[in-house]
Amino acid sequence: MHIMTIDRAALADLARGAAFLGSGGGGDPYYGQLVGEAELARGVRFELTTLDALPDDALVVPCGWIGAPTVSVEKLPNGSEVIAGLRRLEEIMGRRVDAVLPIEIGGGNGLAPLAAAAHLGVPIVDADGMGRAFPESQMAIFNIRGLSACPSVLTAACGALTVIETPNNMTHERIARSLAVALGGIAHMVEYPLSGRQAKDHAIRGSVSAAIAVGAAIRTARTSGEDPFEALFAALRRSGLYPFAGVLFDGKIVDLERETRDGFSVGRVVIESFEAGGRMELIFQNENLLARRDGAVCAMVPDLITVMDRETADSITTERLKYGQRVKVVGAAAPAMLREERALALVGPEAFGFTDAYVPIEDLNGWKTA
């Protein structure tokens, strides 16, 4: 079933919503929005379709960028990476791609399928593999559910193309990450090729339309002079994917440590309350992973933690954090699929080396009602 055609307004809403769902990562959506606008200008139609509209034997391909978001700010793609990777995958699979979806809805990767959909003439599926953004490819729901990332194809702006076949998805991530570093810090990857049946059974449903609705809610509230944060929280609840949300902290960035290491943007940011004494520390690896308020944990992966401009409700990705920014830190509950025991082993706090056991964000903050 066709849901909608993504026009210029919906594209801007998608970029705004994906920036929030990135939890600080996934790359800045600005480039993807420009690509989408260019395709619309040449007459392309972006069709968003449901999972249930896919034939069970369809070839459905997730795609996105791998590497450090700090690099993506300065090292732009040349435009051929997405198509080269998908065409090679078609050769390997011996058939045409029927539909594409973002490997993660968060950040710039939420817009990654636009170029693929435009050039292959296929729809974008209203689903993704993470329900947010995570720093490593094995953190996708498809790996959590036992599917293989391979065959995958990694492409770079220099024209390099590598087909990756590995016995497990952790090895796939390590090889792909090393290649991305060797190719300048960022590369494009098509991975986890799915049948329509597998996509229906395992993908996180409705995440693309949820991102569009989140972006639209913020835009509408700002235009009408209403509180964009309250509009954001209401849109998240309506989506059915993110049932709890709220402001975790309000203040000014007073300290920032950030470096690009091993293909990731890693660091910490300290925010000081406008009122005396309160401080928040965020730890990030591409995405914001853990939030401590006055020393006590108040949010942790897989729940979402996003730093936003306190006046405009624009999301600020980790590579764009700066000293002196006046921000609100917003948290939201992760989709239920990411809170299952088998998922937490791969995307919970212990997967990132934290000793804290996972506690849902609503319990940490006393959010009693959705």
# chains A, B, ... in the order shown; residues from 1 in each chain; ligands from 1
call {"tool": "residues_around", "arguments": {"residues": "A:Val60", "least_positions_apart": "2", "cutoff": "7 Å", "atoms": "only C-alpha atoms", "output": "number ranges by chain"}}
result
A: 58, 62, 97-100, 193-196
call {"tool": "write_last_selection", "arguments": {"atoms": "C-alpha atoms", "output": "PDB file, in the first residue's frame"}}
result
ATOM      1  CA  ALA A  58      10.744  -9.108  -3.056  1.00  0.00           C
ATOM      2  CA  PRO A  62      18.825  -1.445   3.558  1.00  0.00           C
ATOM      3  CA  VAL A  97      16.173  -4.538  -6.197  1.00  0.00           C
ATOM      4  CA  ASP A  98      12.436  -4.059  -5.531  1.00  0.00           C
ATOM      5  CA  ALA A  99      12.563  -1.584  -2.622  1.00  0.00           C
ATOM      6  CA  VAL A 100      15.011   0.163  -0.303  1.00  0.00           C
ATOM      7  CA  PRO A 193      19.646  -7.913   1.825  1.00  0.00           C
ATOM      8  CA  LEU A 194      16.172  -9.080   2.791  1.00  0.00           C
ATOM      9  CA  SER A 195      13.264 -10.907   1.272  1.00  0.00           C
ATOM     10  CA  GLY A 196       9.930  -9.160   1.569  1.00  0.00           C
TER      11      GLY A 196
END
call {"tool": "residues_around", "arguments": {"residues": "stretch 123-128 of chain A", "least_positions_apart": "6", "cutoff": "8 Å", "atoms": "only C-alpha atoms", "output": "ChimeraX atom specification"}}
result
/A:46-51,62,98-105,113-114,117,203-209
call {"tool": "closest_residue", "arguments": {"among": "A:Arg45, A:Ala160, A:Glu165, A:Ala333", "to": "A:Ala182", "atoms": "only C-alpha atoms"}}
result
A:Ala160
call {"tool": "residues_around", "arguments": {"residues": "stretch 22-37 of chain A", "least_positions_apart": "2", "cutoff": "7 Å", "atoms": "only C-alpha atoms", "output": "tab-separated table (two decimals) with C-alpha atoms, in the first residue's frame"}}
result
chain	number	residue	atom	x	y	z
A	8	ARG	CA	9.74	19.03	-0.58
A	11	LEU	CA	11.50	15.92	2.89
A	12	ALA	CA	12.36	18.81	5.21
A	15	ALA	CA	15.35	15.58	7.83
A	18	ALA	CA	15.55	11.92	11.54
A	19	ALA	CA	17.96	14.35	13.20
A	20	PHE	CA	16.07	13.89	16.46
A	39	GLU	CA	16.05	14.81	-7.33
A	40	LEU	CA	12.64	16.42	-6.81
A	41	ALA	CA	13.75	19.33	-8.99
A	69	PRO	CA	30.09	11.80	11.33
A	72	SER	CA	31.04	13.57	6.74
A	106	GLY	CA	18.51	8.36	12.67
A	107	GLY	CA	20.36	11.36	11.25
A	108	GLY	CA	21.56	11.54	7.67
A	109	ASN	CA	21.17	7.78	7.26
A	111	LEU	CA	17.63	9.98	4.13
A	112	ALA	CA	20.21	7.64	2.60
A	114	LEU	CA	16.51	8.75	-1.38
A	115	ALA	CA	19.24	8.63	-4.02
A	132	ARG	CA	17.18	5.32	15.86
A	133	ALA	CA	20.93	5.39	15.08
A	286	ASN	CA	28.75	8.89	17.23
A	287	GLU	CA	25.47	8.71	19.22
A	288	ASN	CA	24.75	9.89	22.77
A	304	LEU	CA	17.25	8.04	22.78
A	305	ILE	CA	19.20	11.04	24.10
A	306	THR	CA	19.24	14.11	21.83
A	307	VAL	CA	20.71	17.56	22.41
A	316	ILE	CA	22.33	19.11	17.33
A	317	THR	CA	24.36	16.11	16.17
A	318	THR	CA	27.47	15.23	18.18
call {"tool": "residues_around", "arguments": {"residues": "stretch 143-147 of chain A", "least_positions_apart": "2", "cutoff": "10 Å", "atoms": "only C-alpha atoms", "output": "list in words"}}
result
Gly129, Ser137, Gln138, Met139, Ala140, Ile141, Ala149, Cys150, Asn168, Asn169, Met170, Tyr192, Pro193, Leu194, Gln198, Asp201, His202, Ala203, Met337, Leu338, Glu340, Arg342, Ala343, Leu344, Ala345, Leu346 and Val347 of chain A
call {"tool": "select_by_dssp", "arguments": {"residues": "stretch 113-204 of chain A", "states": "helix (DSSP H, G or I)", "output": "JSON, numbers by chain"}}
result
{"A": [113, 114, 115, 116, 117, 118, 119, 120, 137, 138, 139, 141, 142, 143, 144, 169, 170, 171, 172, 173, 174, 175, 176, 177, 178, 179, 180, 181, 182, 196, 197, 198, 199, 200, 201, 202]}
call {"tool": "closest_residue", "arguments": {"among": "A:Tyr358, A:Trp65, A:Trp367, A:Phe352", "to": "A:Glu191", "atoms": "only C-alpha atoms"}}
result
A:Trp65
call {"tool": "atom_distance", "arguments": {"atom1": "atom CA of A:Asn365", "atom2": "atom CA of A:Arg219"}}
result
27.1 Å
call {"tool": "residues_around", "arguments": {"residues": "A:Val82", "least_positions_apart": "3", "cutoff": "10 Å", "atoms": "only C-alpha atoms", "output": "list in words"}}
result
Cys63, Gly64, Trp65, Pro77, Asn78, Gly79, Gly85, Leu86, Arg87, Ala112, Pro113, Leu114, Ala115, Ala116, Ala117, His119, Val153, Leu154, Thr155, Ala156, Ala157, Ala187, His188, Met189 and Val190 of chain A
call {"tool": "residues_around", "arguments": {"residues": "stretch 278-282 of chain A", "least_positions_apart": "4", "cutoff": "8 Å", "atoms": "only C-alpha atoms", "output": "list in words"}}
result
Phe249, Arg268, Val269, Val270, Ile271, Glu272, Ser273, Phe274, Asn288, Leu289, Leu290, Ala291, Arg292, Arg293, Asp294 and Gly295 of chain A
call {"tool": "write_last_selection", "arguments": {"atoms": "N, CA and C atoms", "output": "PDB file, in the first residue's frame"}}
result
ATOM      1  N   PHE A 249      17.212  17.791  30.713  1.00  0.00           N
ATOM      2  CA  PHE A 249      18.076  18.851  31.262  1.00  0.00           C
ATOM      3  C   PHE A 249      17.960  20.086  30.388  1.00  0.00           C
ATOM      4  N   ARG A 268      32.784  13.415  25.188  1.00  0.00           N
ATOM      5  CA  ARG A 268      31.839  13.729  26.260  1.00  0.00           C
ATOM      6  C   ARG A 268      31.517  15.210  26.197  1.00  0.00           C
ATOM      7  N   VAL A 269      30.344  15.561  26.677  1.00  0.00           N
ATOM      8  CA  VAL A 269      29.948  16.958  26.739  1.00  0.00           C
ATOM      9  C   VAL A 269      29.336  17.216  28.108  1.00  0.00           C
ATOM     10  N   VAL A 270      29.673  18.370  28.682  1.00  0.00           N
ATOM     11  CA  VAL A 270      29.143  18.744  29.993  1.00  0.00           C
ATOM     12  C   VAL A 270      28.254  19.971  29.820  1.00  0.00           C
ATOM     13  N   ILE A 271      27.071  19.911  30.398  1.00  0.00           N
ATOM     14  CA  ILE A 271      26.085  20.989  30.308  1.00  0.00           C
ATOM     15  C   ILE A 271      25.779  21.466  31.717  1.00  0.00           C
ATOM     16  N   GLU A 272      25.804  22.758  31.894  1.00  0.00           N
ATOM     17  CA  GLU A 272      25.562  23.349  33.209  1.00  0.00           C
ATOM     18  C   GLU A 272      24.193  24.008  33.218  1.00  0.00           C
ATOM     19  N   SER A 273      23.447  23.776  34.271  1.00  0.00           N
ATOM     20  CA  SER A 273      22.104  24.340  34.397  1.00  0.00           C
ATOM     21  C   SER A 273      22.168  25.860  34.513  1.00  0.00           C
ATOM     22  N   PHE A 274      21.108  26.525  34.071  1.00  0.00           N
ATOM     23  CA  PHE A 274      21.015  27.970  34.259  1.00  0.00           C
ATOM     24  C   PHE A 274      20.789  28.303  35.732  1.00  0.00           C
ATOM     25  N   ASN A 288      24.749   9.712  21.315  1.00  0.00           N
ATOM     26  CA  ASN A 288      24.747   9.885  22.768  1.00  0.00           C
ATOM     27  C   ASN A 288      24.328   8.566  23.414  1.00  0.00           C
ATOM     28  N   LEU A 289      25.173   8.047  24.286  1.00  0.00           N
ATOM     29  CA  LEU A 289      24.964   6.718  24.845  1.00  0.00           C
ATOM     30  C   LEU A 289      24.472   6.726  26.284  1.00  0.00           C
ATOM     31  N   LEU A 290      24.955   7.688  27.075  1.00  0.00           N
ATOM     32  CA  LEU A 290      24.641   7.694  28.496  1.00  0.00           C
ATOM     33  C   LEU A 290      24.561   9.129  28.984  1.00  0.00           C
ATOM     34  N   ALA A 291      23.556   9.418  29.804  1.00  0.00           N
ATOM     35  CA  ALA A 291      23.387  10.751  30.389  1.00  0.00           C
ATOM     36  C   ALA A 291      23.400  10.634  31.908  1.00  0.00           C
ATOM     37  N   ARG A 292      24.245  11.449  32.540  1.00  0.00           N
ATOM     38  CA  ARG A 292      24.272  11.519  34.002  1.00  0.00           C
ATOM     39  C   ARG A 292      23.882  12.931  34.425  1.00  0.00           C
ATOM     40  N   ARG A 293      22.903  13.017  35.291  1.00  0.00           N
ATOM     41  CA  ARG A 293      22.438  14.293  35.829  1.00  0.00           C
ATOM     42  C   ARG A 293      22.878  14.375  37.288  1.00  0.00           C
ATOM     43  N   ASP A 294      23.779  15.341  37.558  1.00  0.00           N
ATOM     44  CA  ASP A 294      24.357  15.470  38.901  1.00  0.00           C
ATOM     45  C   ASP A 294      24.912  14.136  39.396  1.00  0.00           C
ATOM     46  N   GLY A 295      25.565  13.423  38.477  1.00  0.00           N
ATOM     47  CA  GLY A 295      26.241  12.174  38.812  1.00  0.00           C
ATOM     48  C   GLY A 295      25.410  10.923  38.722  1.00  0.00           C
TER      49      GLY A 295
END
call {"tool": "closest_residue", "arguments": {"among": "A:Val359, A:Ser152, A:Cys158, A:Met130", "to": "A:His172", "atoms": "only C-alpha atoms"}}
result
A:Ser152
call {"tool": "closest_residue", "arguments": {"among": "A:Ala313, A:Ile6, A:Val163, A:Leu256", "to": "A:Val329", "atoms": "only C-alpha atoms"}}
result
A:Ala313
